[in-house]
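So this one's structure.tsv, TSV, N, CA and C atoms:
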```
chain	number	residue	atom	x	y	z
A	1	MET	N	-12.20	11.25	14.24
A	1	MET	CA	-11.44	10.10	13.76
A	1	MET	C	-12.42	9.02	13.31
A	2	GLN	N	-12.10	8.42	12.18
A	2	GLN	CA	-12.93	7.33	11.65
A	2	GLN	C	-12.08	6.10	11.41
A	3	GLU	N	-12.75	4.95	11.33
A	3	GLU	CA	-12.08	3.74	10.86
A	3	GLU	C	-12.33	3.66	9.36
A	4	ILE	N	-11.26	3.61	8.60
A	4	ILE	CA	-11.33	3.59	7.14
A	4	ILE	C	-11.14	2.15	6.67
A	5	THR	N	-11.94	1.71	5.73
A	5	THR	CA	-11.79	0.35	5.20
A	5	THR	C	-10.68	0.34	4.16
A	6	PRO	N	-10.14	-0.85	3.87
A	6	PRO	CA	-9.15	-0.93	2.80
A	6	PRO	C	-9.67	-0.35	1.48
A	7	ALA	N	-10.92	-0.60	1.16
A	7	ALA	CA	-11.49	-0.06	-0.09
A	7	ALA	C	-11.48	1.46	-0.07
A	8	ASP	N	-11.75	2.04	1.12
A	8	ASP	CA	-11.73	3.50	1.24
A	8	ASP	C	-10.32	4.05	0.98
A	9	ILE	N	-9.31	3.33	1.47
A	9	ILE	CA	-7.93	3.79	1.25
A	9	ILE	C	-7.60	3.75	-0.24
A	10	LEU	N	-8.01	2.67	-0.90
A	10	LEU	CA	-7.71	2.55	-2.32
A	10	LEU	C	-8.41	3.64	-3.13
A	11	ALA	N	-9.56	4.11	-2.63
A	11	ALA	CA	-10.32	5.14	-3.33
A	11	ALA	C	-9.99	6.55	-2.83
A	12	ALA	N	-9.12	6.64	-1.82
A	12	ALA	CA	-8.83	7.92	-1.17
A	12	ALA	C	-8.12	8.89	-2.10
A	13	ASP	N	-8.21	10.12	-1.72
A	13	ASP	CA	-7.45	11.18	-2.38
A	13	ASP	C	-5.99	10.75	-2.46
A	14	PRO	N	-5.37	10.84	-3.62
A	14	PRO	CA	-3.98	10.41	-3.76
A	14	PRO	C	-3.01	11.22	-2.89
A	15	ASP	N	-3.47	12.32	-2.33
A	15	ASP	CA	-2.63	13.16	-1.49
A	15	ASP	C	-2.65	12.72	-0.02
A	16	VAL	N	-3.36	11.63	0.28
A	16	VAL	CA	-3.45	11.15	1.65
A	16	VAL	C	-2.07	10.66	2.12
A	17	GLN	N	-1.79	10.85	3.41
A	17	GLN	CA	-0.53	10.37	4.01
A	17	GLN	C	-0.84	9.11	4.79
A	18	ILE	N	-0.26	8.00	4.40
A	18	ILE	CA	-0.44	6.75	5.14
A	18	ILE	C	0.80	6.54	5.98
A	19	ILE	N	0.61	6.40	7.30
A	19	ILE	CA	1.74	6.13	8.17
A	19	ILE	C	1.57	4.75	8.79
A	20	ASP	N	2.60	3.94	8.67
A	20	ASP	CA	2.63	2.60	9.24
A	20	ASP	C	3.27	2.73	10.60
A	21	VAL	N	2.50	2.49	11.67
A	21	VAL	CA	2.98	2.73	13.03
A	21	VAL	C	3.46	1.46	13.73
A	22	ARG	N	3.61	0.38	12.96
A	22	ARG	CA	4.11	-0.87	13.55
A	22	ARG	C	5.60	-0.73	13.88
A	23	GLU	N	6.08	-1.66	14.69
A	23	GLU	CA	7.51	-1.70	14.99
A	23	GLU	C	8.25	-2.28	13.80
A	24	THR	N	9.53	-1.96	13.67
A	24	THR	CA	10.32	-2.37	12.50
A	24	THR	C	10.23	-3.86	12.20
A	25	PRO	N	10.36	-4.77	13.18
A	25	PRO	CA	10.29	-6.20	12.84
A	25	PRO	C	8.95	-6.62	12.21
A	26	GLU	N	7.88	-5.90	12.52
A	26	GLU	CA	6.57	-6.23	11.97
A	26	GLU	C	6.45	-5.90	10.48
A	27	LEU	N	7.32	-5.06	9.98
A	27	LEU	CA	7.23	-4.62	8.59
A	27	LEU	C	7.61	-5.71	7.61
A	28	ALA	N	8.24	-6.77	8.09
A	28	ALA	CA	8.71	-7.84	7.19
A	28	ALA	C	7.56	-8.45	6.40
A	29	THR	N	6.34	-8.37	6.91
A	29	THR	CA	5.20	-8.93	6.19
A	29	THR	C	4.79	-8.06	5.01
A	30	GLY	N	5.27	-6.82	4.98
A	30	GLY	CA	4.96	-5.91	3.88
A	30	GLY	C	4.22	-4.68	4.37
A	31	MET	N	4.22	-3.67	3.53
A	31	MET	CA	3.58	-2.39	3.82
A	31	MET	C	2.67	-1.98	2.67
A	32	ILE	N	1.80	-1.03	2.94
A	32	ILE	CA	1.01	-0.42	1.88
A	32	ILE	C	1.95	0.48	1.08
A	33	GLU	N	1.85	0.40	-0.23
A	33	GLU	CA	2.72	1.21	-1.08
A	33	GLU	C	2.60	2.69	-0.72
A	34	ASP	N	3.72	3.37	-0.67
A	34	ASP	CA	3.84	4.80	-0.36
A	34	ASP	C	3.59	5.14	1.11
A	35	ALA	N	3.39	4.13	1.97
A	35	ALA	CA	3.26	4.40	3.40
A	35	ALA	C	4.62	4.80	3.96
A	36	VAL	N	4.59	5.63	4.98
A	36	VAL	CA	5.80	6.06	5.68
A	36	VAL	C	5.83	5.35	7.01
A	37	HIS	N	6.98	4.81	7.38
A	37	HIS	CA	7.10	4.11	8.66
A	37	HIS	C	7.49	5.08	9.77
A	38	ILE	N	6.59	5.24	10.74
A	38	ILE	CA	6.87	5.99	11.96
A	38	ILE	C	6.30	5.14	13.10
A	39	PRO	N	7.15	4.47	13.89
A	39	PRO	CA	6.63	3.63	14.97
A	39	PRO	C	5.71	4.42	15.90
A	40	ALA	N	4.69	3.75	16.43
A	40	ALA	CA	3.67	4.40	17.25
A	40	ALA	C	4.26	5.26	18.36
A	41	GLY	N	5.29	4.77	19.02
A	41	GLY	CA	5.88	5.51	20.12
A	41	GLY	C	6.62	6.77	19.70
A	42	SER	N	6.84	6.95	18.42
A	42	SER	CA	7.58	8.11	17.92
A	42	SER	C	6.70	9.11	17.18
A	43	VAL	N	5.44	8.79	16.98
A	43	VAL	CA	4.60	9.63	16.12
A	43	VAL	C	4.44	11.05	16.65
A	44	VAL	N	4.16	11.22	17.94
A	44	VAL	CA	3.94	12.57	18.45
A	44	VAL	C	5.20	13.41	18.31
A	45	GLU	N	6.36	12.85	18.65
A	45	GLU	CA	7.60	13.62	18.53
A	45	GLU	C	7.99	13.86	17.07
A	46	ARG	N	7.53	13.02	16.16
A	46	ARG	CA	7.86	13.18	14.74
A	46	ARG	C	6.70	13.78	13.92
A	47	ALA	N	5.69	14.28	14.61
A	47	ALA	CA	4.51	14.84	13.92
A	47	ALA	C	4.88	15.96	12.96
A	48	GLY	N	5.99	16.65	13.22
A	48	GLY	CA	6.43	17.72	12.34
A	48	GLY	C	6.81	17.23	10.95
A	49	GLU	N	7.01	15.92	10.80
A	49	GLU	CA	7.32	15.34	9.48
A	49	GLU	C	6.06	15.18	8.63
A	50	LEU	N	4.90	15.36	9.24
A	50	LEU	CA	3.63	15.19	8.54
A	50	LEU	C	3.06	16.55	8.17
A	51	ASP	N	2.27	16.56	7.11
A	51	ASP	CA	1.66	17.79	6.62
A	51	ASP	C	0.25	17.91	7.18
A	52	LYS	N	0.02	18.95	8.00
A	52	LYS	CA	-1.31	19.14	8.61
A	52	LYS	C	-2.39	19.45	7.57
A	53	ASN	N	-1.99	19.81	6.37
A	53	ASN	CA	-2.97	20.12	5.33
A	53	ASN	C	-3.40	18.89	4.55
A	54	ARG	N	-2.80	17.74	4.87
A	54	ARG	CA	-3.14	16.49	4.19
A	54	ARG	C	-3.71	15.49	5.20
A	55	ARG	N	-4.70	14.74	4.79
A	55	ARG	CA	-5.30	13.71	5.63
A	55	ARG	C	-4.25	12.64	5.95
A	56	VAL	N	-4.30	12.13	7.19
A	56	VAL	CA	-3.39	11.08	7.64
A	56	VAL	C	-4.22	9.83	7.94
A	57	ILE	N	-3.74	8.68	7.47
A	57	ILE	CA	-4.35	7.41	7.84
A	57	ILE	C	-3.27	6.58	8.51
A	58	ALA	N	-3.50	6.24	9.78
A	58	ALA	CA	-2.55	5.45	10.55
A	58	ALA	C	-2.89	3.97	10.41
A	59	VAL	N	-1.85	3.15	10.27
A	59	VAL	CA	-2.02	1.72	10.04
A	59	VAL	C	-1.12	0.96	11.01
A	60	CYS	N	-1.66	-0.08	11.66
A	60	CYS	CA	-0.86	-0.97	12.49
A	60	CYS	C	-1.22	-2.41	12.13
A	61	HIS	N	-0.94	-3.34	13.01
A	61	HIS	CA	-1.22	-4.75	12.71
A	61	HIS	C	-2.73	-5.04	12.73
A	62	GLY	N	-3.40	-4.64	13.81
A	62	GLY	CA	-4.81	-4.98	13.94
A	62	GLY	C	-5.77	-3.82	14.12
A	63	GLY	N	-5.26	-2.62	14.33
A	63	GLY	CA	-6.12	-1.45	14.45
A	63	GLY	C	-6.06	-0.75	15.80
A	64	GLY	N	-5.53	-1.39	16.83
A	64	GLY	CA	-5.48	-0.79	18.16
A	64	GLY	C	-4.50	0.37	18.28
A	65	ARG	N	-3.26	0.12	17.95
A	65	ARG	CA	-2.24	1.17	18.04
A	65	ARG	C	-2.56	2.33	17.11
A	66	SER	N	-3.00	2.01	15.91
A	66	SER	CA	-3.26	3.08	14.95
A	66	SER	C	-4.42	3.97	15.41
A	67	GLY	N	-5.36	3.39	16.13
A	67	GLY	CA	-6.46	4.19	16.68
A	67	GLY	C	-5.96	5.19	17.70
A	68	ARG	N	-5.05	4.74	18.56
A	68	ARG	CA	-4.46	5.65	19.56
A	68	ARG	C	-3.62	6.73	18.88
A	69	VAL	N	-2.88	6.35	17.84
A	69	VAL	CA	-2.06	7.31	17.10
A	69	VAL	C	-2.96	8.34	16.41
A	70	ALA	N	-4.01	7.88	15.74
A	70	ALA	CA	-4.90	8.80	15.04
A	70	ALA	C	-5.56	9.76	16.03
A	71	ALA	N	-5.93	9.27	17.22
A	71	ALA	CA	-6.53	10.15	18.23
A	71	ALA	C	-5.52	11.20	18.69
A	72	ALA	N	-4.27	10.79	18.90
A	72	ALA	CA	-3.23	11.74	19.32
A	72	ALA	C	-2.97	12.78	18.24
A	73	LEU	N	-2.92	12.34	16.98
A	73	LEU	CA	-2.70	13.28	15.89
A	73	LEU	C	-3.88	14.24	15.73
A	74	THR	N	-5.09	13.75	15.95
A	74	THR	CA	-6.28	14.60	15.88
A	74	THR	C	-6.18	15.70	16.93
A	75	GLU	N	-5.72	15.34	18.14
A	75	GLU	CA	-5.55	16.34	19.19
A	75	GLU	C	-4.51	17.39	18.82
A	76	LEU	N	-3.55	17.01	17.96
A	76	LEU	CA	-2.53	17.94	17.51
A	76	LEU	C	-2.97	18.77	16.30
A	77	GLY	N	-4.21	18.56	15.86
A	77	GLY	CA	-4.74	19.36	14.76
A	77	GLY	C	-4.72	18.72	13.40
A	78	PHE	N	-4.39	17.42	13.34
A	78	PHE	CA	-4.39	16.70	12.07
A	78	PHE	C	-5.77	16.12	11.78
A	79	ASN	N	-6.07	15.91	10.52
A	79	ASN	CA	-7.24	15.15	10.10
A	79	ASN	C	-6.75	13.71	9.98
A	80	ALA	N	-6.89	12.94	11.07
A	80	ALA	CA	-6.29	11.61	11.13
A	80	ALA	C	-7.34	10.53	11.36
A	81	ASP	N	-7.20	9.44	10.62
A	81	ASP	CA	-8.08	8.29	10.73
A	81	ASP	C	-7.23	7.03	10.87
A	82	THR	N	-7.89	5.90	11.03
A	82	THR	CA	-7.20	4.63	11.19
A	82	THR	C	-7.75	3.59	10.23
A	83	LEU	N	-6.92	2.63	9.86
A	83	LEU	CA	-7.35	1.55	8.97
A	83	LEU	C	-8.05	0.46	9.78
A	84	ALA	N	-9.32	0.24	9.52
A	84	ALA	CA	-10.08	-0.81	10.21
A	84	ALA	C	-9.44	-2.17	9.92
A	85	GLY	N	-9.15	-2.92	10.98
A	85	GLY	CA	-8.57	-4.26	10.81
A	85	GLY	C	-7.08	-4.26	10.57
A	86	GLY	N	-6.48	-3.07	10.42
A	86	GLY	CA	-5.04	-2.95	10.25
A	86	GLY	C	-4.51	-3.73	9.05
A	87	MET	N	-3.23	-4.02	9.10
A	87	MET	CA	-2.59	-4.76	8.02
A	87	MET	C	-3.09	-6.20	7.94
A	88	SER	N	-3.58	-6.73	9.06
A	88	SER	CA	-4.16	-8.08	9.02
A	88	SER	C	-5.36	-8.11	8.08
A	89	GLY	N	-6.22	-7.09	8.20
A	89	GLY	CA	-7.38	-7.00	7.32
A	89	GLY	C	-6.99	-6.73	5.88
A	90	TRP	N	-5.99	-5.88	5.70
A	90	TRP	CA	-5.49	-5.55	4.36
A	90	TRP	C	-5.00	-6.83	3.68
A	91	GLU	N	-4.17	-7.60	4.40
A	91	GLU	CA	-3.61	-8.83	3.85
A	91	GLU	C	-4.70	-9.87	3.60
A	92	ALA	N	-5.67	-9.97	4.52
A	92	ALA	CA	-6.76	-10.95	4.36
A	92	ALA	C	-7.57	-10.69	3.10
A	93	GLU	N	-7.64	-9.43	2.67
A	93	GLU	CA	-8.36	-9.09	1.45
A	93	GLU	C	-7.50	-9.27	0.20
A	94	GLY	N	-6.26	-9.71	0.40
A	94	GLY	CA	-5.37	-9.95	-0.74
A	94	GLY	C	-4.91	-8.69	-1.44
A	95	LEU	N	-4.89	-7.59	-0.70
A	95	LEU	CA	-4.49	-6.31	-1.30
A	95	LEU	C	-2.97	-6.22	-1.40
A	96	PRO	N	-2.48	-5.40	-2.32
A	96	PRO	CA	-1.04	-5.35	-2.59
A	96	PRO	C	-0.23	-4.79	-1.42
A	97	MET	N	0.92	-5.41	-1.21
A	97	MET	CA	1.86	-4.95	-0.21
A	97	MET	C	3.26	-4.92	-0.86
A	98	VAL	N	4.09	-4.03	-0.35
A	98	VAL	CA	5.44	-3.92	-0.87
A	98	VAL	C	6.42	-4.15	0.28
A	99	PRO	N	7.65	-4.56	-0.05
A	99	PRO	CA	8.65	-4.70	0.99
A	99	PRO	C	8.92	-3.35	1.65
A	100	PRO	N	9.35	-3.33	2.92
A	100	PRO	CA	9.56	-2.06	3.61
A	100	PRO	C	10.58	-1.14	2.93
A	101	ASP	N	11.46	-1.65	2.13
A	101	ASP	CA	12.47	-0.82	1.47
A	101	ASP	C	11.96	-0.18	0.19
A	102	ALA	N	10.78	-0.60	-0.28
A	102	ALA	CA	10.28	-0.13	-1.58
A	102	ALA	C	9.84	1.31	-1.54
```
Rewrite the structure from the file as structure tokens, please.
Amino acid sequence: MQEITPADILAADPDVQIIDVRETPELATGMIEDAVHIPAGSVVERAGELDKNRRVIAVCHGGGRSGRVAAALTELGFNADTLAGGMSGWEAEGLPMVPPDA
């Protein structure tokens, strides 16, 4: 598992799976485009919704929860990483975000 920078995500393979592991109320600030919302507490039970053949990048508010999620997914056989600084870092860099319904 690695910590991926926002620039790395923007340059990543377009086939990467970004999962936003924040709780629903936290999404109001916006999400990374094309991210899928799976709350941290549900990721292991919903892992079947993810493709093991595609890299997964877990995203939370500051990086703590997503690190735990990426470690759990790695144990399940996924190639999973986490976004360094989480959505706070993404937003601080002025990177694009979309409403959770987009």
- prompt: Pick the closest to Leu10 (chain A) from A:Val36, A:Leu27, A:Ala47, A:Leu95: which is it, counting only C-alpha atoms?
  reply: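 Ranked by minimum distance to Leu10 (chain A), first place goes to A:Leu95.
If you measure from each of A:Met1, A:Cys60, A:Val44, A:Ile9 to Arg22 (chain A) using only N, CA and C atoms, the closest one turns out to be A:Cys60.
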task: Just the residues within 7 Å of Gly63 (chain A), please, counting all atoms listed in the file, with nothing from its chain fewer than 4 positions along; format it as a ChimeraX atom specification.
output: /A:59,67-68,82-88
message: From the options A:Gly94, A:Pro39, A:Pro99, A:Pro6, which residue's atoms come nearest to Ile19 (chain A), counting all atoms listed in the file?
response: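 Smallest separation from Ile19 (chain A) among the options: A:Pro39.
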task: Write out as a ChimeraX atom specification all residues of region 15-98 of chain A that DSSP puts in strand (DSSP E) for this structure's backbone.
output: /A:17-20,36-37,56-59,80-83
message: As an exercise, work out the distance from CA of Val98 (chain A) to CA of Thr74 (chain A) in Å and give it to one decimal place.
response: 27.6 Å
